[in-house]
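Enquirer: Mind having a look at this structure? Questions to follow.
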Amino acid sequence: MTTFDLNFADDYFTLFGLPRVQSLDLAGLENCYRAVQAKVHPDKHAHATDADRRLAMQWATRVNEAFQTLKSPGRRARYLLQLLGHDPQIESNTAMPAEFLMGQMELREAVMEARAAADEAGLEAVRERLLDEIKAEYARLAELIDLTKDFTAAANLVRQLMFQEKLLNEIDDALEAVTA
């Protein structure tokens, strides 16, 4: 019988033996992921019993889900806040600072204009500006969660980042349309 020295009840950080922090070392995460995946990968259990093969498949799925969640700063923050007992209220709390919303509207207008004009350079410029903002917000998010423990502010920032990430996807779609 195959034994897995893992516990399905463990959170994703514990699964990989990592601290519950937002400022996670991504290279360390990758190494831990590979080590755990090597233990549970279904190919390694191809000659095991049916039950153990199913268990290996369940573990591989869980490990992949955990890795995808932890490697994404936004998803990691949402998950971490929930573990810490602070629901970011993504569906129910849509309040955003007016200044932030105005900035988002301006960026969306710039994207629409650049897309309509097939202005690849304009789209790239907006994309780079947004990426810089997102990078700064992720750094601030790590500070709020890991250092100051201001989970309310972190939850607010998570919601803002979701807006920014959605806009980034729209820019990528516009770039794809313009360059096609």
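Starting from 1 in every chain, residues are counted up; chains themselves are A, B, ... following the order of the structure tokens, and ligands are numbered from 1 as listed.
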Quick check for you: according to DSSP on this backbone, which residues of region 8-162 of chain A are classed as helix (DSSP H, G or I)? Reply as number ranges by chain.
Expert: A: 12-15, 26-40, 42-45, 50-71, 73-83, 98-116, 120-147, 151-162
Enquirer: For the interface of region 22-117 of chain A with region 126-137 of chain A (cut-off 8 Å, counting only C-alpha atoms), please tabulate each contacting residue of region 22-117 of chain A alongside its nearest pair of atoms and their separation in Å to one decimal, rows sorted by chain and increasing number, as JSON lines.
Expert:
{"residue": "A:Leu107", "atom": "CA", "partner": "A:Val126", "partner_atom": "CA", "distance": 7.0}
{"residue": "A:Ala110", "atom": "CA", "partner": "A:Val126", "partner_atom": "CA", "distance": 7.4}
{"residue": "A:Val111", "atom": "CA", "partner": "A:Val126", "partner_atom": "CA", "distance": 7.1}
Enquirer: Residues of region 16-95 of chain A that approach region 141-156 of chain A to 10 Å or less, counting only C-alpha atoms: could you list each one with the shortest pair of atoms and its distance in Å to one decimal, rows by chain and increasing residue number, as a Markdown table?
Expert:
| residue | atom | partner | partner_atom | distance |
| --- | --- | --- | --- | --- |
| A:Arg20 | CA | A:Asp146 | CA | 8.7 |
| A:Val21 | CA | A:Asp146 | CA | 5.9 |
| A:Gln22 | CA | A:Ala142 | CA | 5.0 |
| A:Ser23 | CA | A:Ala142 | CA | 5.4 |
| A:Leu24 | CA | A:Ala142 | CA | 9.0 |
| A:Pro73 | CA | A:Leu141 | CA | 9.0 |
| A:Gly74 | CA | A:Leu141 | CA | 9.2 |
| A:Ala77 | CA | A:Leu141 | CA | 7.8 |
| A:Arg78 | CA | A:Ala155 | CA | 7.7 |
| A:Leu80 | CA | A:Ile145 | CA | 8.7 |
| A:Leu81 | CA | A:Phe151 | CA | 7.0 |
| A:Gln82 | CA | A:Ala155 | CA | 9.7 |
| A:Leu84 | CA | A:Phe151 | CA | 8.5 |
| A:Gly85 | CA | A:Phe151 | CA | 9.2 |
| A:His86 | CA | A:Phe151 | CA | 6.6 |
| A:Asp87 | CA | A:Ala155 | CA | 7.3 |
| A:Pro88 | CA | A:Ala155 | CA | 4.5 |
| A:Gln89 | CA | A:Ala155 | CA | 7.7 |
| A:Ile90 | CA | A:Ala155 | CA | 8.5 |
| A:Asn93 | CA | A:Asn156 | CA | 8.9 |
| A:Thr94 | CA | A:Asn156 | CA | 9.3 |
| A:Ala95 | CA | A:Asn156 | CA | 8.6 |
Enquirer: With N, CA and C atoms kept, could you save the residues just selected as a short mmCIF file (atom, residue, chain, number, x, y, z; two decimals), in the first residue's frame?
Expert:
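Wrote it out as result.cif, contents follow:
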data_model
loop_
_atom_site.label_atom_id
_atom_site.label_comp_id
_atom_site.auth_asym_id
_atom_site.auth_seq_id
_atom_site.Cartn_x
_atom_site.Cartn_y
_atom_site.Cartn_z
N ARG A 20 3.56 31.14 6.52
CA ARG A 20 2.36 31.85 6.06
C ARG A 20 2.69 33.33 5.91
N VAL A 21 3.28 33.67 4.79
CA VAL A 21 3.65 35.07 4.52
C VAL A 21 3.29 35.42 3.08
N GLN A 22 3.04 36.70 2.86
CA GLN A 22 2.76 37.18 1.52
C GLN A 22 4.05 37.28 0.70
N SER A 23 5.14 37.66 1.36
CA SER A 23 6.41 37.85 0.66
C SER A 23 7.14 36.51 0.52
N LEU A 24 6.51 35.62 -0.16
CA LEU A 24 7.01 34.26 -0.32
C LEU A 24 8.16 34.22 -1.32
N PRO A 73 0.64 36.37 -6.65
CA PRO A 73 0.56 37.27 -5.49
C PRO A 73 -0.88 37.62 -5.09
N GLY A 74 -1.74 37.84 -6.05
CA GLY A 74 -3.13 38.18 -5.74
C GLY A 74 -3.88 37.02 -5.13
N ALA A 77 -2.56 36.33 -1.63
CA ALA A 77 -3.05 37.28 -0.64
C ALA A 77 -4.48 36.95 -0.23
N ARG A 78 -5.34 36.66 -1.20
CA ARG A 78 -6.73 36.30 -0.87
C ARG A 78 -6.77 35.06 0.02
N LEU A 80 -4.31 33.79 1.90
CA LEU A 80 -3.67 34.06 3.18
C LEU A 80 -4.59 34.85 4.10
N LEU A 81 -5.24 35.87 3.55
CA LEU A 81 -6.18 36.64 4.37
C LEU A 81 -7.30 35.76 4.91
N GLN A 82 -7.80 34.86 4.09
CA GLN A 82 -8.86 33.95 4.56
C GLN A 82 -8.33 33.03 5.66
N LEU A 84 -6.08 33.73 7.74
CA LEU A 84 -5.88 34.58 8.92
C LEU A 84 -7.20 35.09 9.49
N GLY A 85 -8.31 34.67 8.89
CA GLY A 85 -9.62 35.04 9.40
C GLY A 85 -10.12 36.39 8.94
N HIS A 86 -9.60 36.87 7.82
CA HIS A 86 -10.00 38.18 7.29
C HIS A 86 -10.49 38.03 5.85
N ASP A 87 -11.77 37.85 5.71
CA ASP A 87 -12.38 37.68 4.40
C ASP A 87 -12.28 38.99 3.62
N PRO A 88 -11.66 38.99 2.45
CA PRO A 88 -11.56 40.22 1.66
C PRO A 88 -12.89 40.69 1.07
N GLN A 89 -13.95 39.92 1.26
CA GLN A 89 -15.30 40.29 0.81
C GLN A 89 -15.30 40.73 -0.65
N ILE A 90 -14.72 39.92 -1.49
CA ILE A 90 -14.57 40.26 -2.90
C ILE A 90 -15.92 40.44 -3.58
N ASN A 93 -18.18 43.50 -1.07
CA ASN A 93 -17.69 44.85 -0.79
C ASN A 93 -17.04 45.41 -2.06
N THR A 94 -17.75 46.27 -2.74
CA THR A 94 -17.23 46.84 -3.99
C THR A 94 -16.81 48.30 -3.81
N ALA A 95 -16.78 48.77 -2.58
CA ALA A 95 -16.38 50.16 -2.32
C ALA A 95 -14.90 50.35 -2.66
#
Enquirer: Restricting the calculation to only C-alpha atoms: of A:Ala9, A:Leu70, A:Ala48, A:Leu157, which residue gets closest to Ala27 (chain A)?
Expert: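 Closest to Ala27 (chain A) of all the choices is A:Leu70.
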Enquirer: If you count only C-alpha atoms, which residues fall within 10 Å of Glu30 (chain A), apart from same-chain ones fewer than 3 positions away, as a list of chain:residue names?
Expert: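 Once the adjacent positions are removed, what remains is A:Phe16, A:Asp25, A:Leu26, A:Ala27, A:Tyr33, A:Arg34, A:Ala35, A:Phe67, A:Leu70, A:Lys71.
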Enquirer: Which residues come within 8 Å of Thr69 (chain A), counting only C-alpha atoms, excluding same-chain residues fewer than 5 positions away, as a list in words?
Expert: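 What passes the distance filter is Arg75, Arg76 and Tyr79 of chain A.
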Enquirer: What is the distance, in Å and to one decimal place, between CA of Gln104 (chain A) and CA of Thr179 (chain A)?
Expert: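 Calculated distance between CA of Gln104 (chain A) and CA of Thr179 (chain A) is 23.8 Å.
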